[in-house]
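Q: Next comes the structure file model_26.tsv, holding TSV, C-alpha atoms.
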```tsv
chain	number	residue	atom	x	y	z
Q	45	MET	CA	113.13	129.86	102.62
Q	46	LYS	CA	111.09	129.50	105.76
Q	47	LYS	CA	112.74	130.08	109.08
Q	48	ILE	CA	111.37	129.51	112.53
Q	49	PRO	CA	112.69	131.47	115.53
Q	50	GLU	CA	114.61	128.41	116.77
Q	51	THR	CA	116.42	127.70	113.46
Q	52	ASP	CA	119.80	129.14	114.48
Q	53	ALA	CA	119.73	127.39	117.86
Q	54	ILE	CA	118.84	124.08	116.18
Q	55	PHE	CA	121.74	124.45	113.74
Q	56	GLU	CA	124.07	125.13	116.67
Q	57	HIS	CA	122.81	121.98	118.40
Q	58	VAL	CA	123.23	119.94	115.19
Q	59	ALA	CA	126.82	121.16	114.76
Q	60	GLU	CA	127.64	120.39	118.40
Q	61	ALA	CA	126.00	116.95	118.29
Q	62	ASN	CA	127.76	116.07	115.03
Q	63	ALA	CA	131.16	117.17	116.35
Q	64	THR	CA	130.66	115.18	119.56
Q	65	ALA	CA	129.62	112.09	117.60
Q	66	ASP	CA	132.54	112.39	115.18
Q	67	ALA	CA	135.03	112.67	118.05
Q	68	ALA	CA	133.77	109.59	119.92
Q	69	PRO	CA	135.35	106.29	118.81
Q	70	SER	CA	132.28	104.29	119.88
Q	71	VAL	CA	129.86	106.40	117.81
Q	72	LEU	CA	129.10	106.00	114.11
Q	73	ARG	CA	127.30	108.91	112.44
Q	74	VAL	CA	125.03	108.26	109.49
Q	75	SER	CA	122.59	110.34	107.52
Q	76	ILE	CA	119.25	108.97	106.34
Q	77	ASP	CA	116.82	110.43	103.83
Q	78	SER	CA	114.41	109.43	101.12
Q	79	LYS	CA	114.22	111.06	97.71
Q	80	ALA	CA	111.54	111.75	95.15
Q	81	LYS	CA	109.49	108.83	93.89
Q	82	VAL	CA	110.67	107.25	90.63
Q	83	LYS	CA	108.10	106.10	88.09
Q	84	VAL	CA	109.09	102.95	86.21
Q	85	GLY	CA	107.74	102.20	82.77
Q	86	ASN	CA	108.03	103.00	79.08
Q	87	LEU	CA	108.27	106.71	79.85
Q	88	SER	CA	109.49	109.42	77.50
Q	89	ARG	CA	111.83	111.12	80.00
Q	90	GLY	CA	111.17	114.43	78.27
Q	91	GLY	CA	112.91	113.24	75.10
Q	92	LYS	CA	116.31	112.85	76.78
Q	93	ASP	CA	118.46	109.74	76.58
Q	94	ARG	CA	122.18	109.05	76.82
Q	95	ARG	CA	122.25	106.58	73.94
Q	96	GLN	CA	122.78	107.35	70.24
Q	97	GLN	CA	119.37	105.95	69.33
Q	98	PRO	CA	116.79	106.64	72.05
Q	99	PRO	CA	114.34	103.80	72.57
Q	100	LYS	CA	110.75	104.22	71.46
Q	101	ALA	CA	108.70	105.49	74.37
Q	102	ASP	CA	105.07	106.27	74.97
Q	103	ASP	CA	104.23	109.78	73.83
Q	104	HIS	CA	102.39	110.50	77.10
Q	105	ASP	CA	103.60	109.50	80.55
Q	106	MET	CA	100.18	108.53	81.81
Q	107	GLU	CA	100.83	104.91	82.77
Q	108	TRP	CA	103.70	103.25	84.55
Q	109	GLN	CA	104.34	99.77	85.91
Q	110	GLN	CA	105.33	100.83	89.42
Q	111	VAL	CA	106.63	103.62	91.60
Q	112	LEU	CA	109.84	103.19	93.58
Q	113	ILE	CA	110.86	105.08	96.70
Q	114	PRO	CA	114.65	105.58	96.95
Q	115	PHE	CA	115.95	105.68	100.52
Q	116	GLY	CA	119.59	106.37	101.30
Q	117	ILE	CA	121.82	105.71	104.28
Q	118	LEU	CA	125.11	107.59	104.12
Q	119	ASN	CA	127.95	106.47	106.39
Q	120	LEU	CA	129.53	109.82	107.22
Q	121	GLN	CA	132.74	108.15	108.41
Q	122	THR	CA	133.50	106.43	105.10
Q	123	ASP	CA	131.17	108.26	102.66
Q	124	ASP	CA	129.68	104.88	101.68
Q	125	LEU	CA	126.12	105.20	100.46
Q	126	ALA	CA	123.53	102.43	100.56
Q	127	ILE	CA	120.38	102.96	98.53
Q	128	TYR	CA	117.24	100.94	99.14
Q	129	LEU	CA	114.23	100.95	96.84
Q	130	GLY	CA	110.76	100.33	98.18
Q	131	GLU	CA	107.52	99.81	96.32
Q	132	SER	CA	105.19	101.22	98.95
Q	133	THR	CA	104.89	104.75	100.19
Q	134	GLU	CA	107.52	106.21	102.47
Q	135	THR	CA	106.49	104.94	105.90
Q	136	PRO	CA	108.21	104.71	109.27
Q	137	ASP	CA	108.23	100.92	108.89
Q	138	PHE	CA	109.97	101.12	105.50
Q	139	ILE	CA	112.59	103.50	106.86
Q	140	VAL	CA	113.38	101.47	109.98
Q	141	ASP	CA	113.37	98.22	107.98
Q	142	CYS	CA	116.05	99.75	105.73
Q	143	LEU	CA	118.08	100.84	108.75
Q	144	VAL	CA	117.81	97.38	110.36
Q	145	HIS	CA	118.94	95.74	107.11
Q	146	TRP	CA	121.80	98.22	106.71
Q	147	TRP	CA	123.03	97.61	110.27
Q	148	ALA	CA	122.86	93.82	109.81
Q	149	ASP	CA	125.10	94.17	106.74
Q	150	ASN	CA	127.52	96.68	108.26
Q	151	GLN	CA	127.72	95.80	111.96
Q	152	PRO	CA	130.59	93.29	111.54
Q	153	GLN	CA	132.81	96.18	110.35
Q	154	TYR	CA	132.09	98.10	113.57
Q	155	PRO	CA	132.42	95.76	116.56
Q	156	ASP	CA	133.24	98.66	118.92
Q	157	ILE	CA	130.30	100.88	117.93
Q	158	THR	CA	127.77	101.31	120.72
Q	159	THR	CA	125.91	104.36	119.39
Q	160	LEU	CA	124.46	105.36	116.04
Q	161	ALA	CA	124.13	109.13	115.63
Q	162	ILE	CA	121.56	109.61	112.88
Q	163	ASN	CA	121.22	112.87	110.97
Q	164	LEU	CA	117.71	113.29	109.58
Q	165	ASP	CA	115.18	115.92	108.70
Q	166	GLY	CA	111.71	116.18	110.10
Q	167	GLY	CA	110.02	114.56	107.11
Q	168	SER	CA	106.53	113.16	107.42
Q	169	ALA	CA	107.72	109.61	108.16
Q	170	THR	CA	110.59	110.47	110.52
Q	171	ARG	CA	109.21	113.30	112.62
Q	172	SER	CA	109.85	112.87	116.32
Q	173	ASP	CA	106.11	112.95	117.02
Q	174	ARG	CA	105.42	109.95	114.74
Q	175	THR	CA	104.69	107.25	117.28
Q	176	GLN	CA	105.23	104.39	114.83
Q	177	PHE	CA	108.67	105.73	113.87
Q	178	ILE	CA	109.75	106.17	117.49
Q	179	LYS	CA	108.30	102.77	118.47
Q	180	ARG	CA	110.22	101.03	115.67
Q	181	MET	CA	113.44	102.90	116.50
Q	182	VAL	CA	113.13	101.87	120.16
Q	183	THR	CA	112.62	98.25	119.10
Q	184	PHE	CA	115.67	98.47	116.81
Q	185	ALA	CA	117.76	99.92	119.65
Q	186	GLN	CA	116.65	97.17	122.02
Q	187	GLN	CA	117.30	94.36	119.54
Q	188	SER	CA	120.65	95.69	118.33
Q	189	GLY	CA	121.91	96.83	121.73
Q	190	LEU	CA	122.75	100.22	120.22
Q	191	THR	CA	122.07	103.64	121.64
Q	192	LEU	CA	120.41	105.78	118.97
Q	193	GLU	CA	120.88	109.54	118.87
Q	194	LEU	CA	118.50	111.27	116.45
Q	195	ILE	CA	119.91	114.59	115.25
Q	196	TYR	CA	117.19	116.58	113.48
Q	197	TYR	CA	117.89	119.45	111.10
Q	198	PRO	CA	115.59	122.48	111.45
Q	199	PRO	CA	112.22	122.48	109.69
Q	200	TYR	CA	112.42	123.57	106.03
Q	201	HIS	CA	116.20	123.01	105.95
Q	202	SER	CA	116.44	119.37	104.86
Q	203	LYS	CA	118.90	120.31	102.11
Q	204	TYR	CA	121.60	120.54	104.79
Q	205	ASN	CA	121.21	116.86	105.69
Q	206	PRO	CA	124.16	115.14	103.99
```
If you convert what's in this file into structure tokens, what do you get?
A:
Amino acid sequence: MKKIPETDAIFEHVAEANATADAAPSVLRVSIDSKAKVKVGNLSRGGKDRRQQPPKADDHDMEWQQVLIPFGILNLQTDDLAIYLGESTETPDFIVDCLVHWWADNQPQYPDITTLAINLDGGSATRSDRTQFIKRMVTFAQQSGLTLELIYYPPYHSKYNP
């Protein structure tokens, strides 16, 4: 596992920021992350199937109809998980679009929330130096009236993001 000199200090900051967010009644903490791409098609799945009679599949997984990108938003207050599937690559626009949609669906449950504390890793689409990601997050904050607090886990430690 890779470790940069600042890893321990970053973990301390993450723990402090999470505890502060969890203690504030006007803050909702969520975790966002995308997962490995999923190929869709008549694929063999390595010969594994949960049914008694596995369906006939292609003997080589060389062609598929599409590739889906799963993206999850975990409400750390209720442990509710929303999963969005996109057909493009993982982009800042896709991620923020999912967050905007999620907030539109969930905001009525949280009329007193003024801040979203968002746990995330420094993946290629959500890094703090990605101008498109930051631009879209600023626009989301302005349109929703929310304050957004981005809480980044240390590099190479994304497995700790809930």
Q: Which residues, protein or nucleic acid, reach to within 7 Å of (109.8, 102.5, 94.9) in the file's coordinates when using all atoms listed in the file, and can you give that as a tab-separated table (two decimals) with C-alpha atoms, keeping the file's coordinate frame?
A:
```tsv
chain	number	residue	atom	x	y	z
Q	81	LYS	CA	109.49	108.83	93.89
Q	82	VAL	CA	110.67	107.25	90.63
Q	111	VAL	CA	106.63	103.62	91.60
Q	112	LEU	CA	109.84	103.19	93.58
Q	113	ILE	CA	110.86	105.08	96.70
Q	114	PRO	CA	114.65	105.58	96.95
Q	129	LEU	CA	114.23	100.95	96.84
Q	130	GLY	CA	110.76	100.33	98.18
Q	131	GLU	CA	107.52	99.81	96.32
Q	132	SER	CA	105.19	101.22	98.95
```
Q: Rounded to one decimal, what separation in Å do you get between atom CA of Phe115 of chain Q and atom CA of Ile76 of chain Q?
A: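 Distance reported for this atom pair: 7.5 Å.
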Q: Between Q:Pro198, Q:Glu60, Q:Asn205, Q:Phe177, single out the one closest to Ile48 of chain Q, counting only C-alpha atoms.
A: Q:Pro198
Q: Which is closest to Thr170 of chain Q among Q:Ala61, Q:Asn119, Q:Asp137, Q:Gln153, if we use all atoms listed in the file?
A: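 Smallest distance to Thr170 of chain Q is found for Q:Asp137.
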Q: Mind pulling up the distance from atom CA of Ala161 of chain Q to atom CA of Arg180 of chain Q?
A: 16.1 Å
